[in-house]
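Visitor: Quick one: structure below, then a few questions.
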Amino acid sequence: AYDPDLSGRLFETVTETYDALRSQGKTATLPFPKKKDVKLAENALRQATADAQAAFTRLAEPTKSQLQAAEKLEVIESALTAADPVERVRLADSVEIRAGNCGAIREEMNGVEETRQPYVIAERSCLAEKTLGLFRKLLEHFDERYAFEKHNRGMLDFSDLSILTRNLLRDNKSIRNRVSSRFKLIMVDEFQDTNFLQDEIIRMIANDNLFAVGDENQAIYGFRNAEVALFQQEKERARDGGYLIELTENFRSQPQILDFIDFISLRKAVLFVD
(Lines give C-alpha, C1' and ligand atoms only; values in the text may rest on other atoms or scores of the structure.)
Protein backbone atom coordinates (compact mmCIF):
# COMPACT_ATOMS: atom_id res chain seq x y z
CA ALA A 1 0.00 0.00 0.00
CA TYR A 2 2.98 2.32 0.51
CA ASP A 3 4.55 1.60 -2.88
CA PRO A 4 4.09 4.87 -4.87
CA ASP A 5 3.62 2.84 -8.04
CA LEU A 6 0.79 0.81 -6.50
CA SER A 7 -0.89 3.03 -3.92
CA GLY A 8 -2.88 5.00 -6.49
CA ARG A 9 -4.34 1.87 -8.04
CA LEU A 10 -4.95 0.34 -4.61
CA PHE A 11 -6.90 3.42 -3.54
CA GLU A 12 -8.96 3.20 -6.74
CA THR A 13 -9.71 -0.47 -6.10
CA VAL A 14 -10.78 0.19 -2.52
CA THR A 15 -13.03 3.12 -3.43
CA GLU A 16 -14.52 1.32 -6.45
CA THR A 17 -15.33 -1.71 -4.30
CA TYR A 18 -16.73 0.54 -1.58
CA ASP A 19 -18.95 2.38 -4.06
CA ALA A 20 -20.15 -0.86 -5.66
CA LEU A 21 -21.16 -2.35 -2.31
CA ARG A 22 -22.86 0.84 -1.17
CA SER A 23 -24.80 1.12 -4.46
CA GLN A 24 -26.29 -2.26 -3.56
CA GLY A 25 -27.21 -1.05 -0.08
CA LYS A 26 -24.67 -3.35 1.52
CA THR A 27 -22.15 -2.75 4.28
CA ALA A 28 -18.59 -2.14 3.19
CA THR A 29 -17.17 -5.60 3.82
CA LEU A 30 -16.41 -8.64 1.73
CA PRO A 31 -17.66 -12.13 2.58
CA PHE A 32 -15.09 -14.87 2.32
CA PRO A 33 -15.91 -17.16 -0.60
CA LYS A 34 -16.48 -20.84 -0.04
CA LYS A 35 -13.09 -22.51 0.18
CA LYS A 36 -12.14 -24.61 -2.83
CA ASP A 37 -11.01 -28.20 -2.31
CA VAL A 38 -7.57 -28.06 -3.93
CA LYS A 39 -6.73 -31.68 -3.16
CA LEU A 40 -9.90 -32.90 -4.85
CA ALA A 41 -9.20 -30.79 -7.94
CA GLU A 42 -5.56 -31.91 -7.97
CA ASN A 43 -6.46 -35.60 -7.79
CA ALA A 44 -8.95 -35.20 -10.62
CA LEU A 45 -6.33 -33.54 -12.82
CA ARG A 46 -3.71 -36.17 -11.91
CA GLN A 47 -6.07 -38.97 -12.92
CA ALA A 48 -7.07 -37.27 -16.18
CA THR A 49 -3.40 -36.61 -17.03
CA ALA A 50 -2.45 -40.23 -16.29
CA ASP A 51 -5.29 -41.47 -18.50
CA ALA A 52 -4.18 -39.21 -21.35
CA GLN A 53 -0.54 -40.26 -21.03
CA ALA A 54 -1.56 -43.92 -21.09
CA ALA A 55 -3.64 -43.32 -24.20
CA PHE A 56 -0.69 -41.55 -25.84
CA THR A 57 1.67 -44.48 -25.24
CA ARG A 58 -0.75 -46.75 -27.13
CA LEU A 59 -0.41 -44.69 -30.31
CA ALA A 60 1.69 -46.38 -33.01
CA GLU A 61 2.54 -43.22 -34.94
CA PRO A 62 1.53 -40.04 -33.12
CA THR A 63 0.55 -37.08 -35.27
CA LYS A 64 2.03 -33.61 -34.85
CA SER A 65 -1.03 -32.48 -32.89
CA GLN A 66 -0.80 -35.50 -30.62
CA LEU A 67 2.89 -34.84 -29.96
CA GLN A 68 2.09 -31.24 -29.07
CA ALA A 69 -0.61 -32.49 -26.73
CA ALA A 70 1.93 -34.80 -25.06
CA GLU A 71 4.21 -31.79 -24.45
CA LYS A 72 1.35 -30.01 -22.71
CA LEU A 73 0.82 -33.06 -20.52
CA GLU A 74 4.46 -32.76 -19.42
CA VAL A 75 3.87 -29.13 -18.46
CA ILE A 76 0.87 -30.17 -16.39
CA GLU A 77 2.93 -32.89 -14.73
CA SER A 78 5.49 -30.24 -13.81
CA ALA A 79 2.73 -28.08 -12.38
CA LEU A 80 1.41 -30.90 -10.21
CA THR A 81 4.87 -31.66 -8.79
CA ALA A 82 5.99 -28.06 -8.23
CA ALA A 83 6.49 -27.11 -4.58
CA ASP A 84 5.64 -23.43 -5.02
CA PRO A 85 1.87 -22.83 -5.39
CA VAL A 86 2.51 -19.73 -7.51
CA GLU A 87 4.57 -21.85 -9.90
CA ARG A 88 1.85 -24.51 -9.95
CA VAL A 89 -0.69 -21.94 -11.05
CA ARG A 90 1.67 -20.40 -13.61
CA LEU A 91 2.45 -23.73 -15.26
CA ALA A 92 -1.08 -25.14 -15.20
CA ASP A 93 -2.48 -21.89 -16.54
CA SER A 94 0.13 -21.65 -19.33
CA VAL A 95 -1.39 -24.47 -21.37
CA GLU A 96 -4.74 -24.63 -23.05
CA ILE A 97 -5.66 -27.96 -24.53
CA ARG A 98 -7.74 -28.02 -27.70
CA ALA A 99 -8.51 -31.65 -28.23
CA GLY A 100 -10.24 -31.31 -31.58
CA ASN A 101 -7.17 -32.44 -33.56
CA CYS A 102 -6.01 -35.11 -31.14
CA GLY A 103 -7.72 -37.98 -32.93
CA ALA A 104 -7.67 -41.20 -30.93
CA ILE A 105 -6.80 -39.43 -27.67
CA ARG A 106 -9.29 -36.61 -28.03
CA GLU A 107 -11.56 -37.89 -25.26
CA GLU A 108 -8.69 -38.20 -22.80
CA MET A 109 -7.33 -34.75 -23.67
CA ASN A 110 -10.81 -33.27 -23.21
CA GLY A 111 -10.80 -34.83 -19.75
CA VAL A 112 -7.50 -33.11 -18.95
CA GLU A 113 -8.80 -29.71 -20.02
CA GLU A 114 -12.04 -30.16 -18.12
CA THR A 115 -10.08 -30.85 -14.90
CA ARG A 116 -7.25 -28.36 -15.51
CA GLN A 117 -9.45 -25.30 -15.29
CA PRO A 118 -11.08 -26.18 -11.92
CA TYR A 119 -7.60 -26.99 -10.58
CA VAL A 120 -6.25 -23.57 -11.55
CA ILE A 121 -9.27 -21.87 -10.00
CA ALA A 122 -8.88 -23.85 -6.77
CA GLU A 123 -5.17 -23.05 -6.48
CA ARG A 124 -5.78 -19.37 -7.22
CA SER A 125 -8.53 -19.23 -4.61
CA CYS A 126 -6.16 -20.51 -1.94
CA LEU A 127 -3.48 -18.05 -2.96
CA ALA A 128 -6.00 -15.21 -2.85
CA GLU A 129 -7.23 -15.96 0.68
CA LYS A 130 -4.49 -14.00 2.44
CA THR A 131 -4.72 -11.09 0.01
CA LEU A 132 -8.51 -11.04 0.28
CA GLY A 133 -8.26 -10.96 4.06
CA LEU A 134 -5.91 -7.98 3.95
CA PHE A 135 -8.07 -6.20 1.40
CA ARG A 136 -11.16 -6.84 3.51
CA LYS A 137 -9.49 -5.20 6.54
CA LEU A 138 -8.36 -2.27 4.42
CA LEU A 139 -11.88 -1.80 3.04
CA GLU A 140 -13.41 -1.87 6.52
CA HIS A 141 -10.80 0.58 7.82
CA PHE A 142 -11.56 2.92 4.92
CA ASP A 143 -15.29 2.69 5.69
CA GLU A 144 -14.74 3.48 9.39
CA ARG A 145 -12.44 6.44 8.71
CA TYR A 146 -14.66 7.82 5.93
CA ALA A 147 -17.74 7.56 8.19
CA PHE A 148 -15.82 9.27 11.00
CA GLU A 149 -14.80 12.18 8.74
CA LYS A 150 -18.36 12.61 7.42
CA HIS A 151 -19.77 12.61 10.94
CA ASN A 152 -17.26 15.20 12.15
CA ARG A 153 -18.11 17.49 9.25
CA GLY A 154 -21.87 16.90 9.42
CA MET A 155 -21.96 15.57 5.89
CA LEU A 156 -23.68 12.82 3.93
CA ASP A 157 -22.68 11.51 0.52
CA PHE A 158 -25.09 10.41 -2.19
CA SER A 159 -25.02 6.76 -1.10
CA ASP A 160 -25.81 7.81 2.48
CA LEU A 161 -28.94 9.60 1.27
CA SER A 162 -30.10 6.50 -0.62
CA ILE A 163 -29.25 4.03 2.14
CA LEU A 164 -30.88 6.12 4.89
CA THR A 165 -33.98 6.51 2.72
CA ARG A 166 -34.09 2.77 2.10
CA ASN A 167 -33.66 2.03 5.80
CA LEU A 168 -36.40 4.48 6.80
CA LEU A 169 -38.88 2.99 4.34
CA ARG A 170 -37.90 -0.58 5.15
CA ASP A 171 -38.02 -0.24 8.93
CA ASN A 172 -41.07 2.00 9.31
CA LYS A 173 -44.25 0.66 7.72
CA SER A 174 -46.35 3.74 8.50
CA ILE A 175 -43.87 6.05 6.76
CA ARG A 176 -43.59 3.64 3.83
CA ASN A 177 -47.38 3.57 3.44
CA ARG A 178 -47.64 7.35 3.78
CA VAL A 179 -45.02 7.95 1.09
CA SER A 180 -46.51 5.30 -1.19
CA SER A 181 -50.03 6.77 -0.87
CA ARG A 182 -48.88 10.16 -2.15
CA PHE A 183 -48.40 8.89 -5.70
CA LYS A 184 -51.07 7.82 -8.17
CA LEU A 185 -48.38 6.95 -10.70
CA ILE A 186 -44.61 6.62 -10.30
CA MET A 187 -42.61 7.26 -13.45
CA VAL A 188 -38.90 6.48 -13.58
CA ASP A 189 -37.13 7.77 -16.67
CA GLU A 190 -33.79 6.36 -17.88
CA PHE A 191 -34.57 3.17 -15.95
CA GLN A 192 -31.57 1.43 -17.56
CA ASP A 193 -29.32 3.62 -15.40
CA THR A 194 -30.82 2.45 -12.08
CA ASN A 195 -28.75 0.63 -9.47
CA PHE A 196 -29.89 -2.05 -7.02
CA LEU A 197 -30.38 0.33 -4.11
CA GLN A 198 -32.47 2.78 -6.13
CA ASP A 199 -34.55 -0.10 -7.48
CA GLU A 200 -35.14 -1.34 -3.93
CA ILE A 201 -36.46 2.09 -2.90
CA ILE A 202 -38.74 2.25 -5.93
CA ARG A 203 -40.19 -1.20 -5.19
CA MET A 204 -41.01 -0.21 -1.61
CA ILE A 205 -43.18 2.73 -2.62
CA ALA A 206 -44.62 1.41 -5.89
CA ASN A 207 -47.95 -0.40 -5.73
CA ASP A 208 -48.78 -1.65 -9.21
CA ASN A 209 -48.34 1.92 -10.41
CA LEU A 210 -44.77 1.95 -11.76
CA PHE A 211 -44.21 3.38 -15.22
CA ALA A 212 -40.59 2.79 -16.27
CA VAL A 213 -39.07 4.29 -19.40
CA GLY A 214 -35.68 3.32 -20.78
CA ASP A 215 -33.47 1.88 -23.48
CA GLU A 216 -30.75 -0.63 -22.63
CA ASN A 217 -28.68 0.57 -25.59
CA GLN A 218 -28.42 3.95 -23.86
CA ALA A 219 -27.04 2.52 -20.61
CA ILE A 220 -24.05 4.74 -19.81
CA TYR A 221 -23.83 4.75 -16.01
CA GLY A 222 -22.04 1.47 -15.41
CA PHE A 223 -19.23 3.51 -13.83
CA ARG A 224 -21.84 4.65 -11.26
CA ASN A 225 -22.80 1.01 -10.61
CA ALA A 226 -26.02 1.12 -12.61
CA GLU A 227 -27.29 -2.35 -13.49
CA VAL A 228 -28.87 -2.61 -16.93
CA ALA A 229 -30.05 -6.12 -15.94
CA LEU A 230 -32.69 -4.43 -13.73
CA PHE A 231 -34.17 -2.77 -16.80
CA GLN A 232 -34.02 -5.99 -18.79
CA GLN A 233 -35.83 -7.89 -16.03
CA GLU A 234 -38.53 -5.23 -15.78
CA LYS A 235 -38.91 -5.27 -19.55
CA GLU A 236 -39.48 -9.04 -19.51
CA ARG A 237 -42.00 -8.71 -16.67
CA ALA A 238 -43.88 -6.12 -18.71
CA ARG A 239 -43.76 -8.32 -21.81
CA ASP A 240 -45.02 -11.35 -19.88
CA GLY A 241 -47.73 -9.24 -18.24
CA GLY A 242 -48.91 -7.81 -21.54
CA TYR A 243 -48.24 -4.18 -20.64
CA LEU A 244 -44.99 -3.54 -22.53
CA ILE A 245 -45.14 -0.52 -24.82
CA GLU A 246 -42.34 -0.27 -27.38
CA LEU A 247 -41.55 3.20 -28.69
CA THR A 248 -40.24 2.50 -32.18
CA GLU A 249 -40.57 5.94 -33.81
CA ASN A 250 -38.03 8.71 -33.45
CA PHE A 251 -38.85 12.28 -34.44
CA ARG A 252 -35.56 13.91 -33.47
CA SER A 253 -32.86 12.17 -35.54
CA GLN A 254 -31.98 11.62 -39.18
CA PRO A 255 -32.42 8.02 -40.45
CA GLN A 256 -28.66 7.74 -41.09
CA ILE A 257 -27.90 8.40 -37.41
CA LEU A 258 -30.48 5.85 -36.27
CA ASP A 259 -29.12 3.25 -38.69
CA PHE A 260 -25.62 3.76 -37.32
CA ILE A 261 -26.77 3.51 -33.69
CA ASP A 262 -28.72 0.34 -34.46
CA PHE A 263 -25.64 -1.09 -36.17
CA ILE A 264 -23.28 -0.60 -33.22
CA SER A 265 -25.94 -1.59 -30.67
CA LEU A 266 -26.34 -4.97 -32.33
CA ARG A 267 -22.58 -5.39 -32.76
CA LYS A 268 -21.16 -4.37 -29.39
CA ALA A 269 -17.78 -5.96 -30.12
CA VAL A 270 -16.91 -3.11 -32.52
CA LEU A 271 -16.82 -0.78 -29.51
CA PHE A 272 -13.91 -2.66 -27.98
CA VAL A 273 -11.53 -2.99 -30.91
CA ASP A 274 -7.95 -2.08 -29.88
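Quick note on naming: the chains in the C-alpha coordinates go A, B, ... in the order shown, residues restart at 1 in each chain, and ligands are numbered from 1 in order of appearance.
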From a backbone DSSP assignment, name each residue in range 54-224 of chain A labelled strand (DSSP E or B), as a PyMOL selection string.
Guide: chain A and resi 186-188+210-212
Visitor: Taking N, CA and C atoms for each residue, export the selection above as a PDB file, in the first residue's frame.
Guide:
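File selection18.pdb, as written:
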ATOM      1  N   ILE A 186     -46.047   6.370 -10.469  1.00  0.00           N
ATOM      2  CA  ILE A 186     -44.612   6.621 -10.298  1.00  0.00           C
ATOM      3  C   ILE A 186     -43.923   6.378 -11.630  1.00  0.00           C
ATOM      4  N   MET A 187     -43.326   7.418 -12.188  1.00  0.00           N
ATOM      5  CA  MET A 187     -42.609   7.264 -13.453  1.00  0.00           C
ATOM      6  C   MET A 187     -41.112   7.409 -13.211  1.00  0.00           C
ATOM      7  N   VAL A 188     -40.360   6.439 -13.671  1.00  0.00           N
ATOM      8  CA  VAL A 188     -38.901   6.476 -13.576  1.00  0.00           C
ATOM      9  C   VAL A 188     -38.353   6.523 -14.990  1.00  0.00           C
ATOM     10  N   LEU A 210     -46.094   1.538 -11.247  1.00  0.00           N
ATOM     11  CA  LEU A 210     -44.775   1.954 -11.756  1.00  0.00           C
ATOM     12  C   LEU A 210     -44.794   2.039 -13.272  1.00  0.00           C
ATOM     13  N   PHE A 211     -44.346   3.172 -13.784  1.00  0.00           N
ATOM     14  CA  PHE A 211     -44.211   3.379 -15.223  1.00  0.00           C
ATOM     15  C   PHE A 211     -42.737   3.653 -15.487  1.00  0.00           C
ATOM     16  N   ALA A 212     -42.039   2.678 -16.052  1.00  0.00           N
ATOM     17  CA  ALA A 212     -40.593   2.788 -16.272  1.00  0.00           C
ATOM     18  C   ALA A 212     -40.311   3.011 -17.752  1.00  0.00           C
TER      19      ALA A 212
END
Visitor: Got a sec: who's within 7 Å of range 39-49 of chain A, counting only C-alpha atoms, leaving out chain neighbours fewer than 3 positions off, as a PyMOL selection string?
Guide: chain A and resi 52-53+73+108+111-112+115-116+118-119
Visitor: Please report as a tab-separated table every residue of range 23-84 of chain A lying within 8 Å of range 191-206 of chain A, along with the nearest atom pair and their distance in Å (one decimal), using only C-alpha atoms.
Guide:
residue	atom	partner	partner_atom	distance
A:Ser23	CA	A:Leu197	CA	5.6
A:Gln24	CA	A:Leu197	CA	4.9
A:Gly25	CA	A:Leu197	CA	5.3
Visitor: Taking N, CA, C and O atoms for each residue, export the selection above as a short mmCIF file (atom, residue, chain, number, x, y, z; two decimals), in the first residue's frame.
Guide:
data_model
loop_
_atom_site.label_atom_id
_atom_site.label_comp_id
_atom_site.auth_asym_id
_atom_site.auth_seq_id
_atom_site.Cartn_x
_atom_site.Cartn_y
_atom_site.Cartn_z
N SER A 23 -23.74 0.96 -3.46
CA SER A 23 -24.80 1.12 -4.46
C SER A 23 -25.80 -0.04 -4.41
O SER A 23 -26.90 0.06 -4.94
N GLN A 24 -25.39 -1.13 -3.76
CA GLN A 24 -26.29 -2.26 -3.56
C GLN A 24 -26.94 -2.23 -2.18
O GLN A 24 -27.67 -3.15 -1.80
N GLY A 25 -26.65 -1.18 -1.43
CA GLY A 25 -27.21 -1.05 -0.08
C GLY A 25 -26.55 -1.96 0.93
O GLY A 25 -27.12 -2.22 1.99
#
Visitor: When you look at Gln66 in chain A with a cut-off of 8 Å (counting only C-alpha atoms), what residues show up, excluding the ones that are within fewer than 6 positions of it in the same chain? I need them as a VMD selection string.
Guide: chain A and resid 56 101 to 103 105
Visitor: Could you write those residues out with all heavy atoms, as a PDB file, in the first residue's frame?
Guide:
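again.pdb was written with the following content:
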ATOM      1  N   PHE A  56      -1.736 -41.976 -24.906  1.00  0.00           N
ATOM      2  CA  PHE A  56      -0.695 -41.549 -25.843  1.00  0.00           C
ATOM      3  C   PHE A  56       0.309 -42.672 -26.106  1.00  0.00           C
ATOM      4  O   PHE A  56       0.746 -42.871 -27.248  1.00  0.00           O
ATOM      5  CB  PHE A  56       0.019 -40.312 -25.299  1.00  0.00           C
ATOM      6  CG  PHE A  56       1.129 -39.828 -26.184  1.00  0.00           C
ATOM      7  CD1 PHE A  56       0.864 -39.098 -27.324  1.00  0.00           C
ATOM      8  CD2 PHE A  56       2.461 -40.125 -25.882  1.00  0.00           C
ATOM      9  CE1 PHE A  56       1.895 -38.661 -28.153  1.00  0.00           C
ATOM     10  CE2 PHE A  56       3.491 -39.694 -26.696  1.00  0.00           C
ATOM     11  CZ  PHE A  56       3.208 -38.959 -27.843  1.00  0.00           C
ATOM     12  N   ASN A 101      -8.063 -31.797 -32.578  1.00  0.00           N
ATOM     13  CA  ASN A 101      -7.167 -32.435 -33.559  1.00  0.00           C
ATOM     14  C   ASN A 101      -6.375 -33.598 -32.971  1.00  0.00           C
ATOM     15  O   ASN A 101      -5.405 -34.047 -33.573  1.00  0.00           O
ATOM     16  CB  ASN A 101      -6.179 -31.392 -34.112  1.00  0.00           C
ATOM     17  CG  ASN A 101      -6.886 -30.288 -34.880  1.00  0.00           C
ATOM     18  OD1 ASN A 101      -7.888 -30.531 -35.539  1.00  0.00           O
ATOM     19  ND2 ASN A 101      -6.358 -29.077 -34.788  1.00  0.00           N
ATOM     20  N   CYS A 102      -6.791 -34.068 -31.812  1.00  0.00           N
ATOM     21  CA  CYS A 102      -6.006 -35.110 -31.140  1.00  0.00           C
ATOM     22  C   CYS A 102      -6.414 -36.535 -31.519  1.00  0.00           C
ATOM     23  O   CYS A 102      -5.863 -37.501 -30.985  1.00  0.00           O
ATOM     24  CB  CYS A 102      -6.104 -34.942 -29.619  1.00  0.00           C
ATOM     25  SG  CYS A 102      -5.219 -33.467 -29.033  1.00  0.00           S
ATOM     26  N   GLY A 103      -7.364 -36.654 -32.406  1.00  0.00           N
ATOM     27  CA  GLY A 103      -7.719 -37.975 -32.929  1.00  0.00           C
ATOM     28  C   GLY A 103      -8.105 -38.978 -31.862  1.00  0.00           C
ATOM     29  O   GLY A 103      -9.030 -38.764 -31.080  1.00  0.00           O
ATOM     30  N   ILE A 105      -6.893 -39.787 -29.103  1.00  0.00           N
ATOM     31  CA  ILE A 105      -6.795 -39.433 -27.673  1.00  0.00           C
ATOM     32  C   ILE A 105      -7.601 -38.179 -27.339  1.00  0.00           C
ATOM     33  O   ILE A 105      -7.399 -37.565 -26.301  1.00  0.00           O
ATOM     34  CB  ILE A 105      -5.319 -39.245 -27.248  1.00  0.00           C
ATOM     35  CG1 ILE A 105      -4.669 -38.082 -28.028  1.00  0.00           C
ATOM     36  CG2 ILE A 105      -4.520 -40.527 -27.429  1.00  0.00           C
ATOM     37  CD1 ILE A 105      -3.293 -37.691 -27.496  1.00  0.00           C
TER      38      ILE A 105
END
Visitor: Grab the CA of Val14 in chain A to CA of Arg136 in chain A distance for me, in Å with one decimal place.
Guide: 9.3 Å
Visitor: Of the candidates A:Thr29, A:Gln117, A:Ser265, A:Ser94, which shows the shortest atom-to-atom distance to Gln218 in chain A, using only C-alpha atoms?
Guide: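 For Gln218 in chain A, the nearest of the given residues is A:Ser265.
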Visitor: Calculated over only C-alpha atoms, which of the candidates A:Lys26, A:Lys235, A:Arg90, A:Arg9 has the smallest distance to Glu123 in chain A?
Guide: A:Arg90
Visitor: Provide the CA of Arg252 in chain A to CA of Ile220 in chain A distance in Å, to one decimal place.
Guide: 20.1 Å
Visitor: Write down as JSON, numbers by chain the residues of range 126-198 of chain A whose backbone DSSP state falls under alpha helix (DSSP H).
Guide: {"A": [126, 127, 128, 129, 130, 131, 132, 133, 134, 135, 136, 137, 138, 139, 140, 141, 142, 143, 144, 145, 146, 147, 148, 149, 150, 151, 152, 153, 158, 159, 160, 161, 162, 163, 164, 165, 166, 167, 168, 169, 170, 171, 173, 174, 175, 176, 177, 178, 179, 180, 181, 196, 197, 198]}
Visitor: Do you know which residues are at most 9 Å from Ala69 in chain A counting only C-alpha atoms, after dropping those on the same chain fewer than 3 positions away, and could you put them as a list in words?
Guide: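 Near neighbours after the sequence-gap exclusion: Lys64, Ser65, Gln66, Lys72, Leu73, Glu74, Ile97, Arg98, Ala99, Cys102 and Met109 of chain A.
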Visitor: Hey, can you spit out that residue selection with all heavy atoms as a PDB file, in the first residue's frame?
Guide:
ATOM      1  N   LYS A  64       1.417 -34.824 -35.382  1.00  0.00           N
ATOM      2  CA  LYS A  64       2.032 -33.609 -34.850  1.00  0.00           C
ATOM      3  C   LYS A  64       1.170 -33.030 -33.715  1.00  0.00           C
ATOM      4  O   LYS A  64       1.687 -32.613 -32.672  1.00  0.00           O
ATOM      5  CB  LYS A  64       2.198 -32.577 -35.959  1.00  0.00           C
ATOM      6  CG  LYS A  64       2.862 -31.279 -35.499  1.00  0.00           C
ATOM      7  CD  LYS A  64       3.017 -30.298 -36.656  1.00  0.00           C
ATOM      8  CE  LYS A  64       3.654 -28.995 -36.179  1.00  0.00           C
ATOM      9  NZ  LYS A  64       3.794 -28.020 -37.298  1.00  0.00           N
ATOM     10  N   SER A  65      -0.132 -33.003 -33.916  1.00  0.00           N
ATOM     11  CA  SER A  65      -1.035 -32.475 -32.895  1.00  0.00           C
ATOM     12  C   SER A  65      -0.986 -33.316 -31.628  1.00  0.00           C
ATOM     13  O   SER A  65      -1.040 -32.785 -30.508  1.00  0.00           O
ATOM     14  CB  SER A  65      -2.469 -32.433 -33.431  1.00  0.00           C
ATOM     15  OG  SER A  65      -2.580 -31.514 -34.495  1.00  0.00           O
ATOM     16  N   GLN A  66      -0.873 -34.619 -31.789  1.00  0.00           N
ATOM     17  CA  GLN A  66      -0.804 -35.502 -30.623  1.00  0.00           C
ATOM     18  C   GLN A  66       0.509 -35.329 -29.874  1.00  0.00           C
ATOM     19  O   GLN A  66       0.543 -35.380 -28.641  1.00  0.00           O
ATOM     20  CB  GLN A  66      -1.000 -36.946 -31.064  1.00  0.00           C
ATOM     21  CG  GLN A  66      -2.429 -37.245 -31.512  1.00  0.00           C
ATOM     22  CD  GLN A  66      -2.570 -38.573 -32.210  1.00  0.00           C
ATOM     23  OE1 GLN A  66      -1.582 -39.149 -32.705  1.00  0.00           O
ATOM     24  NE2 GLN A  66      -3.799 -39.100 -32.283  1.00  0.00           N
ATOM     25  N   LYS A  72       2.176 -30.746 -23.680  1.00  0.00           N
ATOM     26  CA  LYS A  72       1.347 -30.015 -22.714  1.00  0.00           C
ATOM     27  C   LYS A  72       1.094 -30.867 -21.473  1.00  0.00           C
ATOM     28  O   LYS A  72       1.012 -30.343 -20.353  1.00  0.00           O
ATOM     29  CB  LYS A  72       0.036 -29.598 -23.365  1.00  0.00           C
ATOM     30  CG  LYS A  72       0.223 -28.532 -24.444  1.00  0.00           C
ATOM     31  CD  LYS A  72      -1.090 -28.118 -25.075  1.00  0.00           C
ATOM     32  CE  LYS A  72      -0.854 -27.026 -26.118  1.00  0.00           C
ATOM     33  NZ  LYS A  72      -2.113 -26.578 -26.754  1.00  0.00           N
ATOM     34  N   LEU A  73       0.989 -32.173 -21.672  1.00  0.00           N
ATOM     35  CA  LEU A  73       0.823 -33.060 -20.519  1.00  0.00           C
ATOM     36  C   LEU A  73       2.044 -33.013 -19.615  1.00  0.00           C
ATOM     37  O   LEU A  73       1.933 -33.081 -18.382  1.00  0.00           O
ATOM     38  CB  LEU A  73       0.581 -34.493 -20.991  1.00  0.00           C
ATOM     39  CG  LEU A  73      -0.740 -34.769 -21.710  1.00  0.00           C
ATOM     40  CD1 LEU A  73      -0.794 -36.220 -22.184  1.00  0.00           C
ATOM     41  CD2 LEU A  73      -1.927 -34.466 -20.796  1.00  0.00           C
ATOM     42  N   GLU A  74       3.227 -32.864 -20.215  1.00  0.00           N
ATOM     43  CA  GLU A  74       4.456 -32.755 -19.423  1.00  0.00           C
ATOM     44  C   GLU A  74       4.456 -31.469 -18.598  1.00  0.00           C
ATOM     45  O   GLU A  74       4.927 -31.456 -17.450  1.00  0.00           O
ATOM     46  CB  GLU A  74       5.674 -32.800 -20.348  1.00  0.00           C
ATOM     47  CG  GLU A  74       5.894 -34.165 -21.011  1.00  0.00           C
ATOM     48  CD  GLU A  74       7.085 -34.158 -21.955  1.00  0.00           C
ATOM     49  OE1 GLU A  74       7.755 -33.094 -22.051  1.00  0.00           O
ATOM     50  OE2 GLU A  74       7.344 -35.191 -22.596  1.00  0.00           O
ATOM     51  N   ILE A  97      -5.579 -26.766 -23.697  1.00  0.00           N
ATOM     52  CA  ILE A  97      -5.662 -27.957 -24.535  1.00  0.00           C
ATOM     53  C   ILE A  97      -6.897 -27.884 -25.422  1.00  0.00           C
ATOM     54  O   ILE A  97      -8.029 -27.789 -24.928  1.00  0.00           O
ATOM     55  CB  ILE A  97      -5.696 -29.236 -23.671  1.00  0.00           C
ATOM     56  CG1 ILE A  97      -4.386 -29.346 -22.900  1.00  0.00           C
ATOM     57  CG2 ILE A  97      -5.938 -30.461 -24.529  1.00  0.00           C
ATOM     58  CD1 ILE A  97      -4.379 -30.440 -21.872  1.00  0.00           C
ATOM     59  N   ARG A  98      -6.651 -27.942 -26.725  1.00  0.00           N
ATOM     60  CA  ARG A  98      -7.739 -28.022 -27.696  1.00  0.00           C
ATOM     61  C   ARG A  98      -7.678 -29.408 -28.326  1.00  0.00           C
ATOM     62  O   ARG A  98      -6.805 -29.695 -29.147  1.00  0.00           O
ATOM     63  CB  ARG A  98      -7.594 -26.930 -28.746  1.00  0.00           C
ATOM     64  CG  ARG A  98      -7.683 -25.537 -28.136  1.00  0.00           C
ATOM     65  CD  ARG A  98      -7.555 -24.451 -29.170  1.00  0.00           C
ATOM     66  NE  ARG A  98      -7.654 -23.130 -28.562  1.00  0.00           N
ATOM     67  CZ  ARG A  98      -7.566 -21.992 -29.247  1.00  0.00           C
ATOM     68  NH1 ARG A  98      -7.378 -22.022 -30.558  1.00  0.00           N
ATOM     69  NH2 ARG A  98      -7.667 -20.830 -28.623  1.00  0.00           N
ATOM     70  N   ALA A  99      -8.597 -30.222 -27.901  1.00  0.00           N
ATOM     71  CA  ALA A  99      -8.513 -31.650 -28.227  1.00  0.00           C
ATOM     72  C   ALA A  99      -9.088 -32.000 -29.590  1.00  0.00           C
ATOM     73  O   ALA A  99      -9.052 -33.162 -29.994  1.00  0.00           O
ATOM     74  CB  ALA A  99      -9.224 -32.462 -27.142  1.00  0.00           C
ATOM     75  N   CYS A 102      -6.791 -34.068 -31.812  1.00  0.00           N
ATOM     76  CA  CYS A 102      -6.006 -35.110 -31.140  1.00  0.00           C
ATOM     77  C   CYS A 102      -6.414 -36.535 -31.519  1.00  0.00           C
ATOM     78  O   CYS A 102      -5.863 -37.501 -30.985  1.00  0.00           O
ATOM     79  CB  CYS A 102      -6.104 -34.942 -29.619  1.00  0.00           C
ATOM     80  SG  CYS A 102      -5.219 -33.467 -29.033  1.00  0.00           S
ATOM     81  N   MET A 109      -7.832 -36.127 -23.751  1.00  0.00           N
ATOM     82  CA  MET A 109      -7.334 -34.751 -23.671  1.00  0.00           C
ATOM     83  C   MET A 109      -8.450 -33.786 -23.244  1.00  0.00           C
ATOM     84  O   MET A 109      -8.212 -32.816 -22.529  1.00  0.00           O
ATOM     85  CB  MET A 109      -6.734 -34.314 -25.008  1.00  0.00           C
ATOM     86  CG  MET A 109      -5.483 -35.099 -25.415  1.00  0.00           C
ATOM     87  SD  MET A 109      -4.174 -35.084 -24.150  1.00  0.00           S
ATOM     88  CE  MET A 109      -3.748 -33.351 -24.088  1.00  0.00           C
TER      89      MET A 109
END
Visitor: Would you please work out which residue, of A:Leu185, A:Val38, A:Ile76, A:Val89, is nearest to Ala122 in chain A when using only C-alpha atoms?
Guide: A:Val38
Visitor: Which of these, A:Ala60, A:Phe32, A:Leu168, A:Ala92, has the shortest distance to Cys126 in chain A once you count only C-alpha atoms?
Guide: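 When distances to Cys126 in chain A are compared using only C-alpha atoms, the smallest one comes from A:Phe32.
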Visitor: Could you tell me which of A:Glu71, A:Asp51, A:Glu149, A:Glu140 comes closest to Glu107 in chain A if we count only C-alpha atoms?
Guide: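 Distance minimum relative to Glu107 in chain A lands on A:Asp51.
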